[in-house]
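J.: What follows is target05.csv; its format and atoms are CSV, C-alpha atoms.
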```csv
chain,number,residue,atom,x,y,z
A,59,MET,CA,8.8,145.5,21.0
A,60,HIS,CA,7.3,142.4,22.6
A,61,ARG,CA,8.5,139.2,21.0
A,62,PRO,CA,6.2,136.1,21.4
A,63,LYS,CA,7.8,133.3,23.3
A,64,LEU,CA,8.9,130.2,21.4
A,65,PRO,CA,6.4,127.5,22.1
A,66,ASP,CA,7.5,124.1,23.4
A,67,TYR,CA,6.4,122.3,20.3
A,68,LEU,CA,9.0,124.3,18.3
A,69,LYS,CA,11.8,123.4,20.6
A,70,ARG,CA,13.7,120.3,19.4
A,71,PRO,CA,16.2,118.4,21.5
A,72,ILE,CA,19.7,119.3,20.5
A,73,ALA,CA,20.7,116.4,18.2
A,74,SER,CA,24.3,115.4,17.8
A,75,LEU,CA,26.2,115.7,14.5
A,76,ASP,CA,28.7,113.2,15.8
A,77,ASN,CA,26.9,110.1,14.6
A,78,GLN,CA,28.5,108.2,11.7
A,79,GLN,CA,26.0,109.3,9.1
A,80,SER,CA,26.4,113.0,9.9
A,81,LYS,CA,30.1,112.7,10.0
A,82,GLN,CA,30.0,111.1,6.5
A,83,VAL,CA,27.9,113.9,5.1
A,84,ARG,CA,30.2,116.6,6.6
A,85,GLU,CA,33.3,114.8,5.3
A,86,ILE,CA,31.9,114.5,1.8
A,87,LEU,CA,30.8,118.2,1.7
A,88,LYS,CA,34.3,119.2,2.9
A,89,ARG,CA,36.0,116.9,0.3
A,90,TYR,CA,34.1,118.5,-2.6
A,91,ASN,CA,34.1,122.0,-1.2
A,92,LEU,CA,30.3,122.3,-1.2
A,93,ASN,CA,27.8,124.4,0.7
A,94,THR,CA,24.4,123.4,2.0
A,95,VAL,CA,21.3,125.5,2.8
A,96,CYS,CA,21.1,123.4,5.9
A,97,ASP,CA,24.0,125.4,7.3
A,98,GLY,CA,23.5,128.7,5.5
A,99,ALA,CA,19.9,129.1,6.5
A,100,ARG,CA,20.3,127.6,9.9
A,101,CYS,CA,17.6,125.0,9.2
A,102,PRO,CA,16.1,123.4,12.3
A,103,ASN,CA,16.0,120.0,10.5
A,104,LYS,CA,19.7,119.8,9.7
A,105,CYS,CA,20.6,117.2,12.3
A,106,GLU,CA,17.8,114.9,11.2
A,107,CYS,CA,18.6,115.2,7.5
A,108,TYR,CA,22.4,114.7,8.0
A,109,SER,CA,21.6,111.7,10.1
A,110,ASN,CA,19.6,110.3,7.2
A,111,LEU,CA,22.5,110.9,4.8
A,112,SER,CA,20.7,113.8,3.2
A,113,ALA,CA,21.4,117.5,2.5
A,114,THR,CA,20.1,120.3,0.3
A,115,PHE,CA,23.1,121.5,-1.8
A,116,LEU,CA,23.5,125.3,-2.1
A,117,ILE,CA,25.2,126.3,-5.3
A,118,MET,CA,26.7,129.5,-6.7
A,119,GLY,CA,28.2,130.7,-3.5
A,120,LYS,CA,27.3,131.5,0.1
A,121,THR,CA,26.3,135.1,-0.4
A,122,CYS,CA,23.2,136.6,-2.1
A,123,THR,CA,22.5,139.6,-4.3
A,124,ARG,CA,19.2,140.2,-2.4
A,125,ASN,CA,18.4,141.0,1.2
A,126,CYS,CA,15.2,139.3,2.2
A,127,ALA,CA,14.5,140.4,5.8
A,128,PHE,CA,13.8,136.8,7.0
A,129,CYS,CA,16.8,135.0,5.5
A,130,ASN,CA,20.0,134.1,7.3
A,131,ILE,CA,22.1,134.0,4.1
A,132,GLU,CA,24.3,137.0,3.9
A,133,GLN,CA,23.9,139.7,1.2
A,134,LYS,CA,27.2,140.9,-0.2
A,135,VAL,CA,29.2,141.0,-3.5
A,136,PRO,CA,28.9,137.4,-4.7
A,137,GLU,CA,31.7,135.1,-5.5
A,138,HIS,CA,32.8,134.0,-9.0
A,139,LEU,CA,31.1,130.8,-10.1
A,140,ASP,CA,33.2,127.7,-9.4
A,141,PRO,CA,33.4,125.8,-12.7
A,142,ASP,CA,34.0,122.5,-10.9
A,143,GLU,CA,30.9,122.9,-8.6
A,144,PRO,CA,28.4,121.0,-10.9
A,145,LYS,CA,30.6,118.0,-11.1
A,146,ASN,CA,31.5,118.1,-7.4
A,147,VAL,CA,27.8,118.2,-6.5
A,148,ALA,CA,27.3,115.1,-8.7
A,149,LEU,CA,30.3,113.3,-7.1
A,150,ALA,CA,28.9,114.1,-3.6
A,151,ILE,CA,25.5,112.7,-4.5
A,152,LYS,CA,27.1,109.6,-5.9
A,153,ALA,CA,29.3,109.2,-2.8
A,154,LEU,CA,26.2,109.5,-0.5
A,155,GLY,CA,24.2,107.2,-2.7
A,156,LEU,CA,21.3,109.6,-2.9
A,157,LYS,CA,18.3,108.5,-4.9
A,158,TYR,CA,16.7,112.0,-4.5
A,159,ALA,CA,18.7,115.2,-4.6
A,160,VAL,CA,17.6,118.7,-3.9
A,161,ILE,CA,19.7,121.6,-5.4
A,162,THR,CA,19.1,125.2,-4.4
A,163,SER,CA,21.0,128.4,-4.9
A,164,VAL,CA,21.5,131.9,-3.7
A,165,THR,CA,20.0,134.6,-6.0
A,166,ARG,CA,22.5,135.8,-8.6
A,167,ASP,CA,21.0,138.9,-10.2
A,168,ASP,CA,24.6,139.8,-11.2
A,169,LEU,CA,24.8,137.1,-13.8
A,170,ASP,CA,23.4,137.5,-17.4
A,171,ASP,CA,21.3,134.3,-17.1
A,172,TYR,CA,20.8,134.7,-13.3
A,173,GLY,CA,22.5,131.4,-12.8
A,174,ALA,CA,20.3,129.2,-15.0
A,175,ASN,CA,23.1,127.6,-16.9
A,176,HIS,CA,24.9,126.7,-13.7
A,177,PHE,CA,21.8,124.8,-12.6
A,178,CYS,CA,21.7,123.1,-16.0
A,179,LYS,CA,25.3,122.0,-15.8
A,180,THR,CA,24.6,120.6,-12.3
A,181,ILE,CA,21.6,118.6,-13.5
A,182,PHE,CA,23.6,117.3,-16.4
A,183,GLN,CA,26.5,116.1,-14.2
A,184,ILE,CA,24.1,114.4,-11.7
A,185,ARG,CA,22.4,112.5,-14.5
A,186,LYS,CA,25.7,111.5,-15.9
A,187,LEU,CA,27.0,110.0,-12.7
A,188,SER,CA,23.7,108.9,-11.1
A,189,PRO,CA,21.1,108.4,-13.9
A,190,ASP,CA,18.5,107.0,-11.6
A,191,THR,CA,18.6,109.8,-9.0
A,192,LYS,CA,15.5,112.1,-9.0
A,193,ILE,CA,16.4,115.8,-9.1
A,194,GLU,CA,14.5,118.7,-7.4
A,195,ILE,CA,15.7,122.2,-8.0
A,196,LEU,CA,14.7,125.0,-5.7
A,197,THR,CA,15.4,128.2,-7.7
A,198,PRO,CA,15.3,131.9,-7.4
A,199,ASP,CA,13.0,133.8,-9.7
A,200,PHE,CA,15.6,134.6,-12.4
A,201,CYS,CA,14.0,138.0,-12.5
A,202,GLY,CA,11.2,136.4,-14.4
A,203,SER,CA,13.4,135.7,-17.4
A,204,TYR,CA,11.7,133.2,-19.8
A,205,GLU,CA,15.0,132.7,-21.5
A,206,SER,CA,16.5,131.4,-18.3
A,207,LEU,CA,13.5,129.2,-17.6
A,208,ASN,CA,13.6,127.8,-21.1
A,209,MET,CA,17.2,126.7,-20.4
A,210,LEU,CA,16.1,124.8,-17.4
A,211,LEU,CA,13.1,123.2,-19.2
A,212,GLN,CA,15.6,121.6,-21.6
A,213,TYR,CA,17.2,119.7,-18.8
A,214,LYS,CA,13.8,118.5,-17.3
A,215,PRO,CA,14.3,118.4,-13.5
A,216,ASP,CA,11.9,116.0,-11.9
A,217,VAL,CA,10.6,118.8,-9.6
A,218,PHE,CA,10.8,122.5,-10.1
A,219,ASN,CA,10.4,124.4,-6.8
A,220,HIS,CA,10.3,128.1,-6.4
A,221,ASN,CA,9.1,129.6,-3.0
A,222,ILE,CA,6.6,132.4,-2.9
A,223,GLU,CA,7.5,132.7,0.8
A,224,THR,CA,4.7,135.0,2.0
A,225,VAL,CA,1.5,136.7,1.1
A,226,LYS,CA,1.5,139.6,-1.4
A,227,ASN,CA,0.8,142.3,1.1
A,228,LEU,CA,4.0,141.4,3.1
A,229,TYR,CA,6.4,141.5,0.1
A,230,PRO,CA,7.6,145.1,0.8
A,231,LYS,CA,8.4,144.1,4.4
A,232,ALA,CA,9.9,140.7,3.8
A,233,ARG,CA,11.1,140.5,0.2
A,234,GLN,CA,11.9,144.0,-0.8
A,235,MET,CA,13.8,143.0,-3.9
A,236,ALA,CA,11.3,140.4,-5.1
A,237,ASP,CA,7.8,140.5,-6.7
A,238,TYR,CA,4.9,138.3,-5.8
A,239,ASN,CA,3.4,138.3,-9.3
A,240,THR,CA,6.8,137.4,-10.8
A,241,SER,CA,7.1,134.4,-8.6
A,242,LEU,CA,3.6,133.2,-9.5
A,243,ALA,CA,4.4,133.7,-13.2
A,244,VAL,CA,7.6,131.6,-12.9
A,245,LEU,CA,5.6,128.7,-11.5
A,246,LYS,CA,2.8,129.1,-14.0
A,247,TYR,CA,5.3,129.2,-17.0
A,248,ILE,CA,7.0,126.0,-16.0
A,249,LYS,CA,3.8,124.1,-15.7
A,250,GLU,CA,2.3,125.5,-18.9
A,251,ASN,CA,5.4,124.6,-20.9
A,252,SER,CA,6.3,121.3,-19.3
A,253,PRO,CA,3.2,119.8,-17.7
A,254,ASP,CA,5.1,116.6,-16.7
A,255,ILE,CA,7.4,118.5,-14.4
A,256,ILE,CA,6.1,118.5,-10.8
A,257,THR,CA,5.9,122.1,-9.5
A,258,LYS,CA,6.2,123.1,-5.9
A,259,THR,CA,6.3,126.2,-3.8
A,260,GLY,CA,6.6,127.1,-0.1
A,261,LEU,CA,5.2,129.6,2.4
A,262,MET,CA,6.1,130.5,5.9
A,263,VAL,CA,3.6,131.9,8.5
A,264,GLY,CA,4.1,134.2,11.5
A,265,LEU,CA,5.1,137.4,9.7
A,266,GLY,CA,1.7,139.2,10.2
A,267,GLU,CA,-0.4,137.6,7.5
A,268,SER,CA,-4.1,137.1,7.9
A,269,LYS,CA,-6.1,133.9,7.3
A,270,ASP,CA,-7.9,135.7,4.4
A,271,GLU,CA,-4.6,136.7,2.8
A,272,LEU,CA,-3.3,133.1,3.1
A,273,TYR,CA,-6.5,131.7,1.5
A,274,GLU,CA,-6.1,134.2,-1.4
A,275,THR,CA,-2.5,133.1,-1.8
A,276,PHE,CA,-3.5,129.4,-1.8
A,277,CYS,CA,-6.0,130.2,-4.6
A,278,ASP,CA,-3.3,132.0,-6.6
A,279,ILE,CA,-1.0,129.0,-6.2
A,280,LYS,CA,-3.8,126.7,-7.4
A,281,LYS,CA,-4.4,129.0,-10.4
A,282,ALA,CA,-0.7,128.5,-11.3
A,283,LYS,CA,-1.3,124.8,-11.2
A,284,VAL,CA,1.3,124.1,-8.6
A,285,ASP,CA,1.4,120.5,-7.4
A,286,ILE,CA,3.0,120.6,-4.0
A,287,LEU,CA,2.7,123.3,-1.3
A,288,THR,CA,4.8,123.3,1.9
A,289,LEU,CA,4.0,125.6,4.8
A,290,GLY,CA,6.0,126.1,8.1
A,291,GLN,CA,6.4,128.5,11.0
A,292,TYR,CA,8.8,131.4,10.5
A,293,ILE,CA,11.5,131.4,13.2
A,294,SER,CA,13.6,134.6,13.3
A,295,PRO,CA,17.3,133.7,12.8
A,296,SER,CA,18.5,136.7,14.9
A,297,LYS,CA,17.4,140.0,16.4
A,298,LYS,CA,18.5,141.7,13.1
A,299,HIS,CA,15.9,139.8,11.2
A,300,LEU,CA,12.1,140.2,11.0
A,301,THR,CA,10.3,139.7,14.3
A,302,VAL,CA,7.9,136.8,14.6
A,303,GLU,CA,4.4,138.3,14.9
A,304,LYS,CA,2.7,135.0,15.8
A,305,TYR,CA,3.4,131.4,16.5
A,306,TYR,CA,0.8,129.2,15.1
A,307,THR,CA,-0.5,126.2,17.1
A,308,ILE,CA,-0.6,122.7,15.8
A,309,SER,CA,-4.4,122.9,15.3
A,310,GLU,CA,-4.0,126.2,13.4
A,311,PHE,CA,-1.7,124.4,11.0
A,312,SER,CA,-4.4,121.8,10.4
A,313,GLU,CA,-6.9,124.5,9.8
A,314,LEU,CA,-4.7,126.1,7.2
A,315,GLU,CA,-4.0,122.8,5.5
A,316,ASN,CA,-7.8,122.3,5.2
A,317,LEU,CA,-8.0,125.8,3.7
A,318,ALA,CA,-5.3,124.9,1.1
A,319,ASN,CA,-7.1,121.7,0.3
A,320,LYS,CA,-10.3,123.6,-0.1
A,321,ALA,CA,-8.5,125.9,-2.6
A,322,GLY,CA,-7.8,122.8,-4.6
A,323,ILE,CA,-4.0,122.3,-4.0
A,324,LYS,CA,-3.2,118.6,-4.7
A,325,TYR,CA,-0.5,117.9,-2.1
A,326,THR,CA,0.3,119.8,1.1
A,327,VAL,CA,3.0,119.5,3.7
A,328,PHE,CA,2.0,121.8,6.6
A,329,ALA,CA,3.8,121.6,10.0
A,330,PRO,CA,5.5,124.0,12.3
A,331,LEU,CA,9.0,122.8,11.3
A,332,ALA,CA,8.2,122.0,7.6
A,333,ARG,CA,10.7,123.6,5.3
A,334,SER,CA,10.7,123.6,1.5
A,335,SER,CA,13.0,120.6,1.0
A,336,TYR,CA,12.2,118.7,4.2
A,337,LYS,CA,11.1,115.1,3.4
A,338,ALA,CA,11.0,116.2,-0.3
A,339,SER,CA,11.4,112.7,-1.6
A,340,GLN,CA,8.4,111.5,0.3
A,341,ALA,CA,6.2,114.3,-1.2
A,342,TYR,CA,7.5,113.5,-4.7
A,343,TYR,CA,6.9,109.8,-4.5
A,344,ASP,CA,3.5,110.3,-2.9
A,345,ILE,CA,2.3,112.6,-5.7
A,346,VAL,CA,3.7,110.4,-8.4
A,347,SER,CA,1.9,107.4,-7.0
A,348,LYS,CA,-1.4,109.3,-7.2
A,349,LYS,CA,-1.0,110.2,-10.9
```
Just give me the structure of the file as structure tokens.
T.:
Amino acid sequence: MHRPKLPDYLKRPIASLDNQQSKQVREILKRYNLNTVCDGARCPNKCECYSNLSATFLIMGKTCTRNCAFCNIEQKVPEHLDPDEPKNVALAIKALGLKYAVITSVTRDDLDDYGANHFCKTIFQIRKLSPDTKIEILTPDFCGSYESLNMLLQYKPDVFNHNIETVKNLYPKARQMADYNTSLAVLKYIKENSPDIITKTGLMVGLGESKDELYETFCDIKKAKVDILTLGQYISPSKKHLTVEKYYTISEFSELENLANKAGIKYTVFAPLARSSYKASQAYYDIVSKK
């Protein structure tokens, strides 16, 4: 099968992780035995984020109970939860002096609460050690469990992020073990039950979606009253993963952003290398300033 060639605007100069800031991040992660999605998902923005003393913490292990065809995180029998991890995340955030922290996780369908309590413990420990730090959680769908979502609502993260990832028609191809309507319901439930929490979701393009399908998805996201939408180009992690069907041009990203704004979404971050937690603090403070 013909694979489209990676365009020049998606090629970034190889940045060094040997600068002082990156070394500090890696040393602190090692000290507290922590994982990041920056490494696990091979994020193209890792060097930039590490150089800015930033990272997205990946909790509950490095392996996932699901097998999304686009994702670089390995699917296998998950590890036991580390009871020290919530405090270690908080210690790392304090050591780095982060004023905005993003916490994500692998999907843990093997746990009774799908990992919700571990998120809660992590939020609690961060607020205990760094009470002024804003907290964004990027969560799995918890199998749509309202009980799990209610646990999280008690701990009031500043931003609740759950990625829809792609259009409904591509779920059987890209997210075989997930459900489009469940993801929308999760976002809607959070906003309906805690309107003060900023909600956020992310999409990727290049999997074979149409412009009409994207607009329909934007409208669904608006109906769920999501505050922030990120959208970036899908880049296949390896030949074992889904093939890129299309590389969008810079102008096409602008066109899609106009479509999302037309659908009524309040705040959009659309760019080829935009990822869900990239420059997350800027999006948060921008939308708070507009309220």
J.: Hey, which of A:Pro141, A:Gly322, A:Gly290, A:Gly264 ends up closest to Tyr305 of chain A? Count only C-alpha atoms.
T.: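 Ranked by minimum distance to Tyr305 of chain A, first place goes to A:Gly264.
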J.: Residues at most 6 Å from Val217 of chain A, counting all atoms listed in the file, excluding those fewer than 5 positions away in the same chain, as a list of chain:residue names?
T.: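 Returned residues: A:Glu194, A:Ile255, A:Ile256, A:Thr257.
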J.: Rank A:Leu154, A:Ile131, A:Met262, A:Val346 by their smallest atom-to-atom distance to Pro330 of chain A, using all atoms listed in the file, and report the top residue only.
T.: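 The answer is A:Met262, which sits nearest to Pro330 of chain A.
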J.: Restricting the calculation to only C-alpha atoms, which member of A:Val263, A:Ala338, A:Cys277, A:Ile293 is positioned closest to Phe311 of chain A?
T.: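 Between A:Val263, A:Ala338, A:Cys277, A:Ile293, the residue approaching Phe311 of chain A most closely is A:Val263.
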J.: Which is closest to Thr326 of chain A among A:Thr288, A:Gln340, A:Ser309, A:Ser268, if we use only C-alpha atoms?
T.: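 Distance minimum relative to Thr326 of chain A lands on A:Thr288.
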J.: So what do you get for atom CA of Cys201 of chain A versus atom CA of Tyr238 of chain A, distance-wise?
T.: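 Computing the Euclidean distance for atom CA of Cys201 of chain A and atom CA of Tyr238 of chain A yields 11.3 Å.
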J.: Of the residues A:Ile308, A:Val284, A:Leu92, A:Val160, which is the one nearest to Tyr325 of chain A, using only C-alpha atoms?
T.: A:Val284
J.: Find, counting only C-alpha atoms, the residue in A:Gly260, A:Pro62, A:Pro215, A:Pro295 that gets nearest to Cys129 of chain A.
T.: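 Among A:Gly260, A:Pro62, A:Pro215, A:Pro295, it is A:Pro295 that comes nearest to Cys129 of chain A.
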J.: Could you give me, as JSON, numbers by chain, the residues within 12 Å of segment 180-184 of chain A, counting only C-alpha atoms and dropping anything in the same chain fewer than 4 positions from it?
T.: {"A": [115, 116, 117, 118, 140, 141, 142, 143, 144, 145, 146, 147, 148, 149, 150, 151, 152, 153, 155, 156, 157, 158, 159, 160, 161, 162, 163, 173, 174, 175, 176, 188, 189, 190, 191, 192, 193, 194, 195, 209, 210, 211, 212, 213, 214, 215, 216, 217, 218]}
J.: Would you kindly return, as a VMD selection string, each protein, DNA or RNA residue with an atom no farther than 12 Å from any atom of Lys324 of chain A, considering only C-alpha atoms and excluding same-chain residues fewer than 2 positions away?
T.: chain A and resid 256 to 258 276 to 277 279 to 281 283 to 288 315 to 316 318 to 322 326 to 327 341 to 342 344 to 346 348 to 349
J.: Near Val244 of chain A, counting all atoms listed in the file, which residues have an atom at most 8 Å away, once you skip same-chain residues fewer than 6 positions from it, shown as a PyMOL selection string?
T.: chain A and resi 199+202+207+220
J.: Interatomic distance between atom CA of Leu289 of chain A and atom CA of Ala332 of chain A?
T.: 6.2 Å
J.: Near Tyr229 of chain A, within 12 Å and counting all atoms listed in the file, which residues show up once chain neighbours fewer than 2 positions away are dropped, as a list in words?
T.: Cys126, Ala127, Phe128, Ile222, Glu223, Thr224, Val225, Lys226, Asn227, Lys231, Ala232, Arg233, Gln234, Met235, Ala236, Asp237, Tyr238, Asn239, Thr240, Ser241, Leu265, Gly266 and Glu267 of chain A
J.: Can you spit out the residues from that selection as a compact mmCIF listing (two decimals), in the coordinates of the input, using C-alpha atoms?
T.:
```txt
# COMPACT_ATOMS: atom_id res chain seq x y z
CA CYS A 126 15.20 139.30 2.20
CA ALA A 127 14.50 140.40 5.80
CA PHE A 128 13.80 136.80 7.00
CA ILE A 222 6.60 132.40 -2.90
CA GLU A 223 7.50 132.70 0.80
CA THR A 224 4.70 135.00 2.00
CA VAL A 225 1.50 136.70 1.10
CA LYS A 226 1.50 139.60 -1.40
CA ASN A 227 0.80 142.30 1.10
CA LYS A 231 8.40 144.10 4.40
CA ALA A 232 9.90 140.70 3.80
CA ARG A 233 11.10 140.50 0.20
CA GLN A 234 11.90 144.00 -0.80
CA MET A 235 13.80 143.00 -3.90
CA ALA A 236 11.30 140.40 -5.10
CA ASP A 237 7.80 140.50 -6.70
CA TYR A 238 4.90 138.30 -5.80
CA ASN A 239 3.40 138.30 -9.30
CA THR A 240 6.80 137.40 -10.80
CA SER A 241 7.10 134.40 -8.60
CA LEU A 265 5.10 137.40 9.70
CA GLY A 266 1.70 139.20 10.20
CA GLU A 267 -0.40 137.60 7.50
```
J.: How would segment 182-204 of chain A look with N, CA and C atoms restored, written as a CSV table (one decimal), keeping the file's coordinate frame?
T.:
```csv
chain,number,residue,atom,x,y,z
A,182,PHE,N,23.0,118.1,-15.5
A,182,PHE,CA,23.6,117.3,-16.4
A,182,PHE,C,24.6,116.3,-15.8
A,183,GLN,N,25.5,116.9,-14.9
A,183,GLN,CA,26.5,116.1,-14.2
A,183,GLN,C,25.9,115.1,-13.3
A,184,ILE,N,24.8,115.4,-12.6
A,184,ILE,CA,24.1,114.4,-11.7
A,184,ILE,C,23.6,113.3,-12.5
A,185,ARG,N,22.9,113.6,-13.6
A,185,ARG,CA,22.4,112.5,-14.5
A,185,ARG,C,23.5,111.7,-15.1
A,186,LYS,N,24.6,112.3,-15.3
A,186,LYS,CA,25.7,111.5,-15.9
A,186,LYS,C,26.3,110.5,-14.9
A,187,LEU,N,26.4,110.9,-13.7
A,187,LEU,CA,27.0,110.0,-12.7
A,187,LEU,C,25.9,109.1,-11.9
A,188,SER,N,24.7,109.6,-11.8
A,188,SER,CA,23.7,108.9,-11.1
A,188,SER,C,22.4,109.0,-11.8
A,189,PRO,N,22.3,108.3,-13.0
A,189,PRO,CA,21.1,108.4,-13.9
A,189,PRO,C,19.8,108.1,-13.2
A,190,ASP,N,19.7,107.4,-12.2
A,190,ASP,CA,18.5,107.0,-11.6
A,190,ASP,C,18.0,107.9,-10.5
A,191,THR,N,18.9,108.9,-10.1
A,191,THR,CA,18.6,109.8,-9.0
A,191,THR,C,17.5,110.9,-9.5
A,192,LYS,N,16.5,111.1,-8.7
A,192,LYS,CA,15.5,112.1,-9.0
A,192,LYS,C,16.1,113.5,-8.6
A,193,ILE,N,15.8,114.5,-9.3
A,193,ILE,CA,16.4,115.8,-9.1
A,193,ILE,C,15.3,116.9,-8.8
A,194,GLU,N,15.4,117.5,-7.7
A,194,GLU,CA,14.5,118.7,-7.4
A,194,GLU,C,15.4,119.9,-7.4
A,195,ILE,N,15.0,120.9,-8.1
A,195,ILE,CA,15.7,122.2,-8.0
A,195,ILE,C,14.8,123.2,-7.4
A,196,LEU,N,15.4,123.9,-6.4
A,196,LEU,CA,14.7,125.0,-5.7
A,196,LEU,C,15.4,126.3,-6.1
A,197,THR,N,14.7,127.1,-7.0
A,197,THR,CA,15.4,128.2,-7.7
A,197,THR,C,14.9,129.5,-7.2
A,198,PRO,N,15.8,130.6,-7.5
A,198,PRO,CA,15.3,131.9,-7.4
A,198,PRO,C,14.4,132.2,-8.5
A,199,ASP,N,14.0,133.5,-8.7
A,199,ASP,CA,13.0,133.8,-9.7
A,199,ASP,C,13.6,134.2,-11.1
A,200,PHE,N,14.9,134.2,-11.2
A,200,PHE,CA,15.6,134.6,-12.4
A,200,PHE,C,15.1,135.9,-13.0
A,201,CYS,N,14.6,136.7,-12.1
A,201,CYS,CA,14.0,138.0,-12.5
A,201,CYS,C,12.9,137.8,-13.6
A,202,GLY,N,12.3,136.7,-13.5
A,202,GLY,CA,11.2,136.4,-14.4
A,202,GLY,C,11.6,136.1,-15.9
A,203,SER,N,12.9,135.9,-16.1
A,203,SER,CA,13.4,135.7,-17.4
A,203,SER,C,12.9,134.3,-18.0
A,204,TYR,N,12.1,134.4,-19.1
A,204,TYR,CA,11.7,133.2,-19.8
A,204,TYR,C,12.8,132.5,-20.5
```
